[in-house]
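J.: Below you'll find upload.txt; it's compact mmCIF, C-alpha atoms.
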```txt
# COMPACT_ATOMS: atom_id res chain seq x y z
CA MET A 1 39.84 -10.18 4.08
CA LYS A 2 37.91 -13.34 3.05
CA LYS A 3 36.31 -13.45 6.50
CA VAL A 4 35.34 -9.78 6.24
CA SER A 5 33.87 -10.39 2.78
CA TYR A 6 31.93 -13.42 4.02
CA ASN A 7 30.51 -11.42 6.95
CA LEU A 8 29.57 -8.58 4.62
CA TYR A 9 27.85 -11.05 2.32
CA THR A 10 25.96 -12.69 5.21
CA ASN A 11 24.82 -9.34 6.60
CA MET A 12 23.65 -8.20 3.18
CA ILE A 13 21.64 -11.39 2.69
CA LYS A 14 19.93 -10.77 6.04
CA LYS A 15 19.24 -7.15 5.18
CA ARG A 16 17.95 -7.90 1.68
CA ILE A 17 15.79 -10.95 2.42
CA ILE A 18 14.79 -11.08 6.10
CA SER A 19 14.75 -7.44 7.15
CA PRO A 20 12.44 -6.09 4.40
CA LEU A 21 9.49 -8.24 5.51
CA GLN A 22 10.18 -7.51 9.19
CA ASN A 23 10.41 -3.79 8.50
CA PHE A 24 7.33 -3.86 6.27
CA ILE A 25 5.21 -5.46 8.99
CA LYS A 26 6.57 -3.17 11.71
CA THR A 27 6.02 -0.10 9.53
CA GLU A 28 2.46 -1.11 8.69
CA SER A 29 1.73 -1.75 12.39
CA ALA A 30 3.05 1.63 13.52
CA SER A 31 1.20 3.23 10.61
CA GLY A 32 -2.02 1.61 11.84
CA ILE A 33 -1.60 3.23 15.25
CA LEU A 34 -0.92 6.65 13.69
CA LEU A 35 -3.87 6.12 11.35
CA LEU A 36 -6.13 5.46 14.33
CA ALA A 37 -4.89 8.64 16.03
CA ALA A 38 -5.54 10.70 12.88
CA THR A 39 -9.01 9.19 12.56
CA LEU A 40 -9.93 10.02 16.16
CA LEU A 41 -8.58 13.56 15.75
CA ALA A 42 -10.67 14.04 12.59
CA LEU A 43 -13.82 12.79 14.32
CA ILE A 44 -13.26 14.98 17.38
CA TRP A 45 -12.44 18.03 15.27
CA ALA A 46 -15.44 17.56 12.95
CA ASN A 47 -17.80 17.23 15.94
CA SER A 48 -16.31 20.05 18.02
CA PRO A 49 -17.23 23.74 18.15
CA PHE A 50 -14.43 24.20 15.58
CA ARG A 51 -16.12 22.01 12.98
CA ASP A 52 -16.38 24.90 10.50
CA SER A 53 -12.60 25.29 10.45
CA TYR A 54 -12.29 21.57 9.64
CA ASN A 55 -14.59 21.85 6.62
CA HIS A 56 -13.13 25.16 5.43
CA LEU A 57 -9.57 23.80 5.57
CA TRP A 58 -10.21 20.88 3.21
CA GLU A 59 -12.38 22.94 0.86
CA TYR A 60 -9.72 25.67 0.50
CA LYS A 61 -8.71 25.82 -3.17
CA ILE A 62 -5.11 25.90 -4.28
CA GLY A 63 -3.34 25.44 -7.61
CA PHE A 64 -2.98 27.55 -10.72
CA LYS A 65 -5.00 28.47 -13.78
CA SER A 66 -4.38 30.24 -17.05
CA GLU A 67 -6.32 31.01 -20.18
CA HIS A 68 -5.74 27.54 -21.66
CA PHE A 69 -5.10 25.32 -18.65
CA GLU A 70 -6.44 24.99 -15.12
CA LEU A 71 -5.37 22.88 -12.14
CA TYR A 72 -7.17 24.58 -9.28
CA LYS A 73 -8.75 22.23 -6.74
CA PRO A 74 -9.85 22.02 -3.09
CA LEU A 75 -7.17 20.75 -0.73
CA ILE A 76 -9.05 17.50 -0.12
CA LEU A 77 -8.88 16.67 -3.83
CA TRP A 78 -5.14 17.35 -3.90
CA ILE A 79 -4.90 14.78 -1.12
CA ASN A 80 -7.27 12.23 -2.65
CA ASP A 81 -6.07 12.65 -6.23
CA GLY A 82 -2.45 13.69 -5.67
CA LEU A 83 -1.03 12.27 -2.45
CA MET A 84 -3.02 9.07 -2.89
CA ALA A 85 -1.41 8.64 -6.32
CA VAL A 86 1.89 8.28 -4.43
CA PHE A 87 0.21 5.72 -2.15
CA PHE A 88 -0.97 3.77 -5.20
CA PHE A 89 2.49 4.07 -6.77
CA LEU A 90 3.90 2.34 -3.69
CA ILE A 91 1.19 -0.34 -3.95
CA GLY A 92 2.23 -0.82 -7.57
CA LEU A 93 5.87 -1.32 -6.54
CA GLU A 94 4.81 -3.87 -3.92
CA ILE A 95 2.60 -5.71 -6.42
CA LYS A 96 5.39 -5.89 -8.99
CA ARG A 97 7.90 -7.12 -6.40
CA GLU A 98 5.52 -9.78 -5.09
CA PHE A 99 4.75 -11.02 -8.59
CA LEU A 100 8.41 -11.22 -9.60
CA ILE A 101 10.21 -12.44 -6.48
CA GLY A 102 7.75 -12.51 -3.59
CA GLU A 103 4.69 -14.34 -2.31
CA LEU A 104 2.83 -14.10 -5.63
CA ASN A 105 5.60 -15.26 -7.98
CA SER A 106 4.21 -18.74 -8.64
CA THR A 107 0.81 -20.33 -9.09
CA LYS A 108 1.19 -22.32 -5.88
CA LYS A 109 2.12 -19.26 -3.81
CA LEU A 110 -0.57 -17.13 -5.42
CA ALA A 111 -3.42 -19.62 -5.02
CA PHE A 112 -3.93 -19.28 -1.24
CA PRO A 113 -4.19 -15.45 -1.00
CA LEU A 114 -5.87 -15.23 -4.43
CA PHE A 115 -8.86 -17.36 -3.43
CA GLY A 116 -9.03 -15.58 -0.09
CA ALA A 117 -9.09 -12.20 -1.83
CA LEU A 118 -11.77 -13.38 -4.27
CA GLY A 119 -13.99 -14.32 -1.32
CA GLY A 120 -13.17 -11.02 0.38
CA MET A 121 -14.21 -9.03 -2.70
CA LEU A 122 -17.14 -10.95 -4.19
CA PHE A 123 -19.11 -11.73 -1.04
CA PRO A 124 -19.18 -8.12 0.30
CA ILE A 125 -20.41 -6.96 -3.11
CA LEU A 126 -23.08 -9.70 -3.10
CA PHE A 127 -24.14 -8.77 0.44
CA PHE A 128 -24.35 -5.10 -0.55
CA TYR A 129 -26.71 -5.80 -3.43
CA LEU A 130 -28.85 -8.11 -1.31
CA LEU A 131 -29.14 -5.57 1.51
CA ASN A 132 -29.37 -2.36 -0.51
CA LYS A 133 -32.93 -1.19 -1.17
CA ASN A 134 -32.20 2.35 -2.35
CA PRO A 135 -31.29 2.82 -6.05
CA GLU A 136 -29.54 6.10 -5.16
CA THR A 137 -26.94 4.25 -3.05
CA SER A 138 -26.40 1.28 -5.39
CA HIS A 139 -23.21 2.90 -6.73
CA GLY A 140 -21.53 2.21 -3.38
CA TRP A 141 -21.12 -1.52 -3.96
CA GLY A 142 -17.33 -1.19 -4.19
CA VAL A 143 -16.93 0.40 -0.74
CA PRO A 144 -16.81 -2.77 1.45
CA MET A 145 -14.56 -4.87 -0.78
CA ALA A 146 -11.10 -3.51 0.16
CA THR A 147 -8.91 -4.43 3.15
CA ASP A 148 -6.77 -1.86 4.96
CA ILE A 149 -3.36 -3.50 5.34
CA ALA A 150 -2.05 -0.98 7.88
CA PHE A 151 -4.89 -1.44 10.36
CA SER A 152 -5.21 -5.20 9.85
CA LEU A 153 -1.49 -5.87 10.33
CA ALA A 154 -1.44 -3.55 13.34
CA VAL A 155 -4.17 -5.65 15.00
CA LEU A 156 -2.44 -8.90 14.01
CA ASN A 157 0.88 -7.79 15.46
CA THR A 158 -0.64 -6.97 18.86
CA LEU A 159 -1.05 -10.74 19.24
CA GLY A 160 2.71 -11.30 19.17
CA LYS A 161 3.88 -14.93 19.12
CA ARG A 162 0.39 -16.37 19.11
CA ILE A 163 0.42 -15.72 15.37
CA PRO A 164 2.60 -17.73 12.94
CA LEU A 165 4.68 -15.92 10.34
CA SER A 166 2.80 -17.71 7.54
CA LEU A 167 -0.45 -16.05 8.67
CA LYS A 168 1.15 -12.60 8.48
CA VAL A 169 2.51 -13.41 5.03
CA PHE A 170 -0.97 -14.59 3.97
CA LEU A 171 -2.61 -11.38 5.20
CA THR A 172 0.02 -9.25 3.45
CA ALA A 173 -0.28 -11.14 0.14
CA PHE A 174 -4.07 -11.24 0.47
CA ALA A 175 -4.23 -7.46 0.94
CA ILE A 176 -2.00 -6.90 -2.09
CA VAL A 177 -4.25 -9.07 -4.30
CA ASP A 178 -7.21 -7.22 -2.80
CA ASP A 179 -5.59 -3.89 -3.72
CA ILE A 180 -5.26 -5.05 -7.34
CA GLY A 181 -8.99 -5.74 -7.40
CA ALA A 182 -9.76 -2.34 -5.84
CA VAL A 183 -7.61 -0.54 -8.41
CA LEU A 184 -9.37 -2.33 -11.27
CA VAL A 185 -12.75 -1.41 -9.80
CA ILE A 186 -11.72 2.25 -9.50
CA ALA A 187 -10.42 2.32 -13.08
CA LEU A 188 -13.42 0.55 -14.62
CA PHE A 189 -16.38 1.71 -12.53
CA TYR A 190 -15.47 4.89 -10.66
CA SER A 191 -13.93 6.95 -13.43
CA THR A 192 -15.87 9.58 -15.37
CA SER A 193 -16.33 9.80 -19.16
CA ILE A 194 -12.98 9.20 -20.83
CA ASP A 195 -11.19 11.55 -23.24
CA ILE A 196 -9.70 9.07 -25.71
CA THR A 197 -7.10 11.53 -27.07
CA LEU A 198 -5.60 12.39 -23.68
CA ILE A 199 -5.60 8.80 -22.43
CA SER A 200 -3.95 7.67 -25.68
CA ILE A 201 -1.13 10.17 -25.12
CA ALA A 202 -0.75 8.95 -21.52
CA ILE A 203 -0.61 5.31 -22.65
CA GLY A 204 1.97 6.25 -25.28
CA LEU A 205 4.18 7.87 -22.63
CA LEU A 206 3.79 4.82 -20.38
CA ALA A 207 4.72 2.53 -23.27
CA PHE A 208 7.86 4.60 -23.88
CA LEU A 209 8.85 4.31 -20.19
CA TYR A 210 8.26 0.55 -20.26
CA PHE A 211 10.37 0.25 -23.41
CA ILE A 212 13.39 2.16 -22.11
CA ALA A 213 13.19 0.32 -18.78
CA HIS A 214 13.20 -2.97 -20.70
CA LYS A 215 16.31 -1.78 -22.56
CA GLY A 216 18.08 -1.13 -19.26
CA PHE A 217 17.69 2.63 -18.94
CA TYR A 218 16.20 4.07 -15.78
CA SER A 219 16.34 7.50 -14.17
CA HIS A 220 14.43 8.73 -11.11
CA TYR A 221 14.23 12.21 -12.67
CA VAL A 222 12.83 10.97 -15.99
CA THR A 223 10.31 8.80 -14.15
CA PHE A 224 9.20 11.73 -11.98
CA MET A 225 8.80 14.13 -14.93
CA PHE A 226 6.91 11.61 -17.04
CA GLY A 227 4.86 10.61 -13.99
CA ALA A 228 3.71 14.19 -13.39
CA VAL A 229 2.62 14.58 -17.01
CA ILE A 230 0.85 11.19 -17.06
CA TRP A 231 -0.92 12.02 -13.77
CA VAL A 232 -2.32 15.25 -15.27
CA LEU A 233 -3.35 13.45 -18.47
CA PHE A 234 -5.24 10.79 -16.49
CA LEU A 235 -6.89 13.49 -14.39
CA LYS A 236 -8.01 15.50 -17.43
CA ALA A 237 -8.95 12.35 -19.39
CA GLY A 238 -11.53 11.31 -16.78
CA ILE A 239 -9.73 8.24 -15.35
CA HIS A 240 -8.95 8.59 -11.67
CA PRO A 241 -5.27 9.70 -11.48
CA THR A 242 -4.41 7.20 -8.75
CA VAL A 243 -4.55 4.54 -11.48
CA ALA A 244 -1.61 6.37 -13.10
CA GLY A 245 0.34 5.77 -9.89
CA ILE A 246 -0.10 2.01 -10.21
CA LEU A 247 0.85 1.96 -13.89
CA MET A 248 3.91 4.15 -13.33
CA ALA A 249 5.23 1.65 -10.78
CA PHE A 250 5.52 -1.02 -13.45
CA ALA A 251 8.00 1.18 -15.33
CA VAL A 252 10.48 0.87 -12.44
CA PRO A 253 12.88 -2.06 -12.99
CA ILE A 254 13.59 -4.50 -10.20
CA ARG A 255 16.84 -5.92 -11.52
CA GLN A 256 20.27 -4.80 -10.37
CA LYS A 257 23.06 -3.92 -12.77
CA VAL A 258 25.60 -5.47 -10.38
CA HIS A 259 25.07 -8.52 -8.20
CA THR A 260 26.31 -9.19 -4.67
CA PRO A 261 29.61 -11.10 -5.30
CA GLU A 262 30.86 -8.48 -7.77
CA PHE A 263 29.74 -5.64 -5.49
CA ILE A 264 31.51 -7.14 -2.46
CA ALA A 265 34.73 -7.68 -4.46
CA ASN A 266 34.75 -4.04 -5.56
CA LEU A 267 33.77 -2.86 -2.08
CA SER A 268 36.78 -4.68 -0.65
CA GLN A 269 39.02 -3.13 -3.29
CA ILE A 270 37.70 0.36 -2.54
CA MET A 271 38.32 -0.20 1.21
CA ASP A 272 41.91 -1.19 0.46
CA ASN A 273 42.42 1.83 -1.81
CA ILE A 274 41.09 4.22 0.84
CA LYS A 275 43.46 2.75 3.42
CA LYS A 276 46.43 3.11 1.04
CA ALA A 277 45.50 6.62 -0.16
CA LYS A 278 47.37 9.66 1.06
CA VAL A 279 45.79 11.32 4.09
CA ALA A 280 45.08 15.04 3.75
CA PRO A 281 46.85 17.28 6.31
CA LYS A 282 43.54 18.84 7.29
CA PRO A 283 40.44 17.01 8.60
CA ILE A 284 39.12 16.47 5.07
CA LEU A 285 39.47 13.70 2.52
CA SER A 286 42.39 13.59 0.10
CA LYS A 287 41.81 13.63 -3.66
CA GLU A 288 42.46 9.89 -3.82
CA GLN A 289 39.92 9.22 -1.06
CA VAL A 290 37.30 11.45 -2.73
CA ALA A 291 37.84 9.54 -5.98
CA GLU A 292 37.25 6.24 -4.17
CA ILE A 293 34.09 7.59 -2.51
CA ASP A 294 32.78 8.62 -5.94
CA ASN A 295 33.64 5.13 -7.16
CA LEU A 296 31.73 3.68 -4.20
CA ASP A 297 28.67 5.82 -5.03
CA HIS A 298 28.77 4.45 -8.58
CA TRP A 299 28.88 0.83 -7.40
CA ILE A 300 26.13 1.41 -4.81
CA GLU A 301 23.86 2.90 -7.46
CA ASP A 302 24.39 -0.09 -9.74
CA TYR A 303 24.01 -2.56 -6.86
CA GLN A 304 20.67 -1.24 -5.61
CA SER A 305 17.45 -2.40 -7.20
CA PRO A 306 15.61 0.77 -8.37
CA LEU A 307 12.28 -0.73 -7.32
CA GLN A 308 13.54 -1.81 -3.91
CA LEU A 309 15.19 1.56 -3.30
CA LEU A 310 12.05 3.53 -4.18
CA GLU A 311 9.87 1.20 -2.12
CA HIS A 312 12.18 1.64 0.85
CA LYS A 313 12.22 5.44 0.56
CA LEU A 314 8.47 5.81 0.03
CA HIS A 315 7.29 3.42 2.74
CA ASP A 316 7.84 5.77 5.67
CA LEU A 317 6.52 8.78 3.73
CA VAL A 318 3.31 6.93 2.90
CA ALA A 319 2.91 5.21 6.27
CA TYR A 320 3.68 8.17 8.51
CA ALA A 321 2.50 11.12 6.40
CA ILE A 322 0.27 10.43 3.40
CA ILE A 323 -2.10 7.87 4.96
CA PRO A 324 -2.56 9.80 8.25
CA ILE A 325 -3.19 13.02 6.27
CA PHE A 326 -5.73 11.15 4.16
CA ALA A 327 -7.44 9.91 7.33
CA LEU A 328 -7.45 13.38 8.89
CA ALA A 329 -9.02 14.86 5.75
CA ASN A 330 -11.60 12.14 5.12
CA ALA A 331 -12.61 10.61 8.46
CA GLY A 332 -14.17 13.76 9.92
CA VAL A 333 -17.85 12.88 9.80
CA LEU A 334 -20.46 14.90 11.69
CA ILE A 335 -22.19 12.50 14.07
CA ASP A 336 -25.26 14.41 15.15
CA GLY A 337 -28.86 13.52 15.75
CA ASP A 338 -29.82 16.31 13.37
CA ALA A 339 -27.35 15.21 10.71
CA ASN A 340 -28.84 14.04 7.40
CA LEU A 341 -27.61 10.44 7.46
CA ASP A 342 -28.88 7.30 5.76
CA THR A 343 -29.12 4.66 8.52
CA SER A 344 -29.76 1.80 6.11
CA LEU A 345 -26.58 2.61 4.15
CA ILE A 346 -24.56 2.74 7.40
CA ILE A 347 -25.85 -0.68 8.48
CA ASN A 348 -25.46 -2.13 4.99
CA ILE A 349 -21.79 -1.18 4.64
CA ALA A 350 -20.97 -2.20 8.22
CA LEU A 351 -22.56 -5.65 7.73
CA CYS A 352 -20.84 -6.10 4.37
CA LEU A 353 -17.46 -5.44 5.97
CA ILE A 354 -18.12 -7.67 8.97
CA LEU A 355 -20.08 -10.57 7.48
CA GLY A 356 -19.24 -10.29 3.79
CA ASN A 357 -15.50 -10.65 4.34
CA SER A 358 -15.66 -13.21 7.15
CA ILE A 359 -18.17 -15.50 5.44
CA GLY A 360 -16.70 -15.01 1.98
CA ILE A 361 -13.05 -15.67 2.84
CA THR A 362 -13.76 -18.58 5.20
CA THR A 363 -16.18 -20.24 2.76
CA ILE A 364 -13.93 -19.92 -0.28
CA ILE A 365 -10.74 -21.02 1.52
CA THR A 366 -12.47 -24.00 3.17
CA THR A 367 -14.02 -25.09 -0.13
CA VAL A 368 -10.88 -24.90 -2.28
CA LYS A 369 -8.85 -26.55 0.48
CA LYS A 370 -11.23 -29.53 0.55
CA LEU A 371 -11.04 -29.69 -3.24
CA LYS A 372 -7.21 -29.70 -2.86
CA ILE A 373 -6.87 -26.71 -5.15
CA ILE A 374 -4.72 -24.93 -2.55
CA GLU A 375 -2.37 -26.03 0.20
CA VAL A 376 -2.69 -24.14 3.48
CA PRO A 377 0.52 -23.97 5.61
CA LYS A 378 0.48 -26.50 8.44
CA ASP A 379 0.82 -23.87 11.18
CA ILE A 380 -2.38 -22.12 10.03
CA ASN A 381 -5.53 -23.70 11.44
CA ALA A 382 -9.24 -23.09 10.84
CA GLN A 383 -9.49 -20.58 13.68
CA HIS A 384 -6.62 -18.58 12.18
CA ILE A 385 -8.51 -18.37 8.87
CA VAL A 386 -11.72 -17.24 10.57
CA GLY A 387 -9.89 -14.63 12.66
CA VAL A 388 -8.02 -13.17 9.68
CA SER A 389 -11.22 -13.17 7.61
CA PHE A 390 -12.72 -10.79 10.17
CA LEU A 391 -9.58 -8.62 10.12
CA ALA A 392 -10.05 -8.40 6.35
CA GLY A 393 -13.24 -6.48 7.18
CA ILE A 394 -11.08 -3.57 8.33
CA GLY A 395 -11.55 -1.55 5.18
CA PHE A 396 -10.62 1.93 6.32
CA THR A 397 -8.29 3.64 3.82
CA MET A 398 -9.37 2.10 0.52
CA ALA A 399 -13.04 1.82 1.57
CA ILE A 400 -13.30 5.52 2.44
CA PHE A 401 -11.40 6.37 -0.73
CA ILE A 402 -13.86 4.43 -2.91
CA ALA A 403 -16.76 5.96 -0.95
CA SER A 404 -15.44 9.43 -1.78
CA LEU A 405 -15.60 8.47 -5.47
CA ALA A 406 -18.96 6.69 -5.33
CA PHE A 407 -20.77 9.45 -3.44
CA ALA A 408 -18.79 12.51 -4.52
CA LYS A 409 -22.00 14.34 -5.43
CA SER A 410 -24.08 13.09 -2.48
CA PRO A 411 -22.73 14.47 0.83
CA GLU A 412 -25.38 12.76 2.97
CA PHE A 413 -24.59 9.36 1.46
CA LEU A 414 -20.83 10.00 1.69
CA GLY A 415 -21.09 10.78 5.41
CA SER A 416 -23.23 7.69 5.97
CA ALA A 417 -20.81 5.50 4.02
CA LYS A 418 -17.87 6.76 6.09
CA ILE A 419 -19.69 6.02 9.35
CA GLY A 420 -20.54 2.56 8.03
CA VAL A 421 -16.87 1.97 7.19
CA LEU A 422 -15.71 3.15 10.62
CA LEU A 423 -18.33 1.06 12.43
CA GLY A 424 -17.77 -2.06 10.34
CA SER A 425 -13.99 -1.79 10.60
CA LEU A 426 -14.11 -1.35 14.38
CA VAL A 427 -16.38 -4.36 14.94
CA SER A 428 -14.36 -6.49 12.49
CA ALA A 429 -11.13 -5.60 14.30
CA ILE A 430 -12.54 -6.50 17.71
CA ILE A 431 -14.04 -9.83 16.60
CA GLY A 432 -10.92 -10.81 14.62
CA TYR A 433 -8.67 -9.94 17.54
CA LEU A 434 -10.73 -11.97 20.04
CA ILE A 435 -10.88 -15.04 17.78
CA LEU A 436 -7.10 -15.01 17.26
CA ARG A 437 -6.38 -14.05 20.88
CA TYR A 438 -8.19 -17.11 22.23
CA ASN A 439 -6.94 -19.55 19.63
CA LYS A 440 -6.42 -22.86 21.44
CA THR A 441 -3.23 -23.77 19.63
CA ASP A 442 0.08 -23.53 21.45
CA GLU A 443 2.09 -20.33 21.11
CA ILE A 444 4.44 -20.23 18.19
CA ASP A 445 8.14 -20.41 18.96
CA ASN A 446 9.65 -16.95 18.94
CA GLU A 447 12.31 -17.93 16.41
CA GLU A 448 9.68 -18.91 13.87
CA GLU A 449 7.74 -15.68 13.84
CA LEU A 450 8.41 -12.06 13.14
CA SER A 451 8.49 -10.16 16.41
CA ALA A 452 6.16 -7.19 16.50
CA SER A 453 8.43 -5.36 18.88
```
Represent the supplied structure as structure tokens.

T.:
Amino acid sequence: MKKVSYNLYTNMIKKRIISPLQNFIKTESASGILLLAATLLALIWANSPFRDSYNHLWEYKIGFKSEHFELYKPLILWINDGLMAVFFFLIGLEIKREFLIGELNSTKKLAFPLFGALGGMLFPILFFYLLNKNPETSHGWGVPMATDIAFSLAVLNTLGKRIPLSLKVFLTAFAIVDDIGAVLVIALFYSTSIDITLISIAIGLLAFLYFIAHKGFYSHYVTFMFGAVIWVLFLKAGIHPTVAGILMAFAVPIRQKVHTPEFIANLSQIMDNIKKAKVAPKPILSKEQVAEIDNLDHWIEDYQSPLQLLEHKLHDLVAYAIIPIFALANAGVLIDGDANLDTSLIINIALCLILGNSIGITTIITTVKKLKIIEVPKDINAQHIVGVSFLAGIGFTMAIFIASLAFAKSPEFLGSAKIGVLLGSLVSAIIGYLILRYNKTDEIDNEEELSAS
């Protein structure tokens, strides 16, 4: 029994520590491929003879309204305001996990991706202001500052064992820090006039959730009900409701009620009790066995981290459904010689993604490394940094999302911004891939990297 318990313990350690990062990277890579397919489908559909059906679908209004309350919006807004709130909720869970137990849980661990993210946010904004000559498009400065983790990891993983694990961890942590910056930008600069009364009620509800979570109470159902109300309050208050998704994530506790040794001891006892229990004459469980299964459910619920469980359940939903649907709804830009597009805005955003990120990240990382403010892992060389800095210019999901906020009332600028994002992301991906593909360093040993297969 001791050997069985030890094996169970070893397997659980592997599943809880090693597998999550492997699965995260694999999921993001597969999501990147699906995202690309959805993007191509949207572009083909929007430029086909059936383009009217594409536009009519996303403008179709659904919801409900009454004399005193209305929630009746086009389908594309349900996607951008509703489904993307779930996406941001997942980002919030990832941010909280990384800050508490992951790659951002100490100053030393945070320093490397933090400075990289600062370069990847500040330089694209600076480039945008230097290149932008039209006051009407100045509100789009936030578009080129966000990295798409799904696409960037998908490109990185195509390189297999040429890439060290530490570089994948850096890109993941970098993108999470980058997401924090993007969320702050959306909350502070891309929200409309704020209704103080409604936002005060929402903050009060959030404070209550934080309090009861701190006291050890947590329920998925309570979180969902409060989350729905808070989402509506944010929407009606004038702050983009995706911000509510981030804030709700911090109300989900990470701690377990029961730790591994106690769980394994009780698991072993339950196994023994099931073996000793009377066997029902029919092919069903006996009352004693049902009781032990209920007992097992109780221990499993207490053993699982609520945050980890939600993150695990939402990852596939977001990666394989929400993000591709977002791409399908938002990437369909009419590319036509007669289309009313702003060429300067297209070039501006594309250059900001390509050059702003690559120059910014490389410059900042090189500078702080020479000043010995950060310590770069030994298996990451200068060419790795340059290659990843170009991959950071893949700004698809968040960039298009911010563009939809910045140019919501200017269709011609919105279409131009989307084309700029697509063009800049494509060029960034190709350059980053080629730099990393022809890195002169020896291939990394397969045991020291996360296989992309």

J.: May I ask which of the residues A:Leu110, A:Met121, A:Leu247, A:Met84 is the closest one to Ile364 in chain A, counting only C-alpha atoms?

T.: A:Met121

J.: Name the residues, using the chain letters and numbers of the file, that sit within 9 Å of (1.9, 6.0, -8.6) when counting only C-alpha atoms, and give them as a tab-separated table (two decimals) with C-alpha atoms, keeping the file's coordinate frame.

T.:
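Listing of part.tsv after writing:
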```
chain	number	residue	atom	x	y	z
A	84	MET	CA	-3.02	9.07	-2.89
A	85	ALA	CA	-1.41	8.64	-6.32
A	86	VAL	CA	1.89	8.28	-4.43
A	87	PHE	CA	0.21	5.72	-2.15
A	88	PHE	CA	-0.97	3.77	-5.20
A	89	PHE	CA	2.49	4.07	-6.77
A	90	LEU	CA	3.90	2.34	-3.69
A	91	ILE	CA	1.19	-0.34	-3.95
A	92	GLY	CA	2.23	-0.82	-7.57
A	93	LEU	CA	5.87	-1.32	-6.54
A	227	GLY	CA	4.86	10.61	-13.99
A	231	TRP	CA	-0.92	12.02	-13.77
A	241	PRO	CA	-5.27	9.70	-11.48
A	242	THR	CA	-4.41	7.20	-8.75
A	243	VAL	CA	-4.55	4.54	-11.48
A	244	ALA	CA	-1.61	6.37	-13.10
A	245	GLY	CA	0.34	5.77	-9.89
A	246	ILE	CA	-0.10	2.01	-10.21
A	247	LEU	CA	0.85	1.96	-13.89
A	248	MET	CA	3.91	4.15	-13.33
A	249	ALA	CA	5.23	1.65	-10.78
```

J.: Do you know which residues are at most 10 Å from Asn330 in chain A counting all atoms listed in the file, after dropping those on the same chain fewer than 6 positions away, and could you put them as an mmCIF file with C-alpha atoms, in the frame of the given file?

T.:
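Contents of the output file around16.cif:
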```
data_model
loop_
_atom_site.group_PDB
_atom_site.id
_atom_site.type_symbol
_atom_site.label_atom_id
_atom_site.label_comp_id
_atom_site.auth_asym_id
_atom_site.auth_seq_id
_atom_site.Cartn_x
_atom_site.Cartn_y
_atom_site.Cartn_z
ATOM 1 C CA ALA A 38 -5.540 10.700 12.880
ATOM 2 C CA THR A 39 -9.010 9.190 12.560
ATOM 3 C CA ALA A 42 -10.670 14.040 12.590
ATOM 4 C CA LEU A 43 -13.820 12.790 14.320
ATOM 5 C CA TRP A 58 -10.210 20.880 3.210
ATOM 6 C CA ILE A 76 -9.050 17.500 -0.120
ATOM 7 C CA ILE A 79 -4.900 14.780 -1.120
ATOM 8 C CA ASN A 80 -7.270 12.230 -2.650
ATOM 9 C CA PRO A 324 -2.560 9.800 8.250
ATOM 10 C CA THR A 397 -8.290 3.640 3.820
ATOM 11 C CA ILE A 400 -13.300 5.520 2.440
ATOM 12 C CA PHE A 401 -11.400 6.370 -0.730
ATOM 13 C CA SER A 404 -15.440 9.430 -1.780
ATOM 14 C CA GLY A 415 -21.090 10.780 5.410
ATOM 15 C CA LYS A 418 -17.870 6.760 6.090
#
```

J.: Name the residues in contact with Glu292 in chain A at a cut-off of 7 Å, using all atoms listed in the file, excluding same-chain residues fewer than 3 positions from it; report them as a list in words.

T.: Ile270, Ile274, Glu288, Gln289, Asn295 and Leu296 of chain A

J.: Report, in Å to a single decimal, how far apart CA of Leu131 in chain A and CA of Leu345 in chain A are.

T.: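 CA of Leu131 in chain A lies at a distance of 9.0 Å from CA of Leu345 in chain A.
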
J.: Within 7 Å of range 182-187 of chain A, counting only C-alpha atoms, which residues show up once you throw out same-chain ones fewer than 5 positions away? Write them as a list in words, please.

T.: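 Close residues of range 182-187 of chain A: Ala146, Ile239, His240 and Val243 of chain A.
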
J.: Could you check the closest approach to Ile149 in chain A for each of A:Phe127, A:Tyr54, A:Phe112, A:Phe174 and tell me which residue wins, using all atoms listed in the file?

T.: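 Counting all atoms listed in the file, the residue closest to Ile149 in chain A is A:Phe174.
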
J.: With only C-alpha atoms as the basis for distance, which of A:Arg255, A:Lys275, A:His214, A:Arg162 is at the shortest distance from Ile435 in chain A?

T.: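 Once distances to Ile435 in chain A are computed over only C-alpha atoms, the minimum belongs to A:Arg162.
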
J.: May I ask for the distance between CA of Ile33 in chain A and CA of Gly387 in chain A, given in Å to one decimal place?

T.: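 According to the coordinates, CA of Ile33 in chain A and CA of Gly387 in chain A are separated by 19.9 Å.
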
J.: Can you work out the spacing between CA of Lys109 in chain A and CA of His384 in chain A in Å, to one decimal?

T.: 18.2 Å
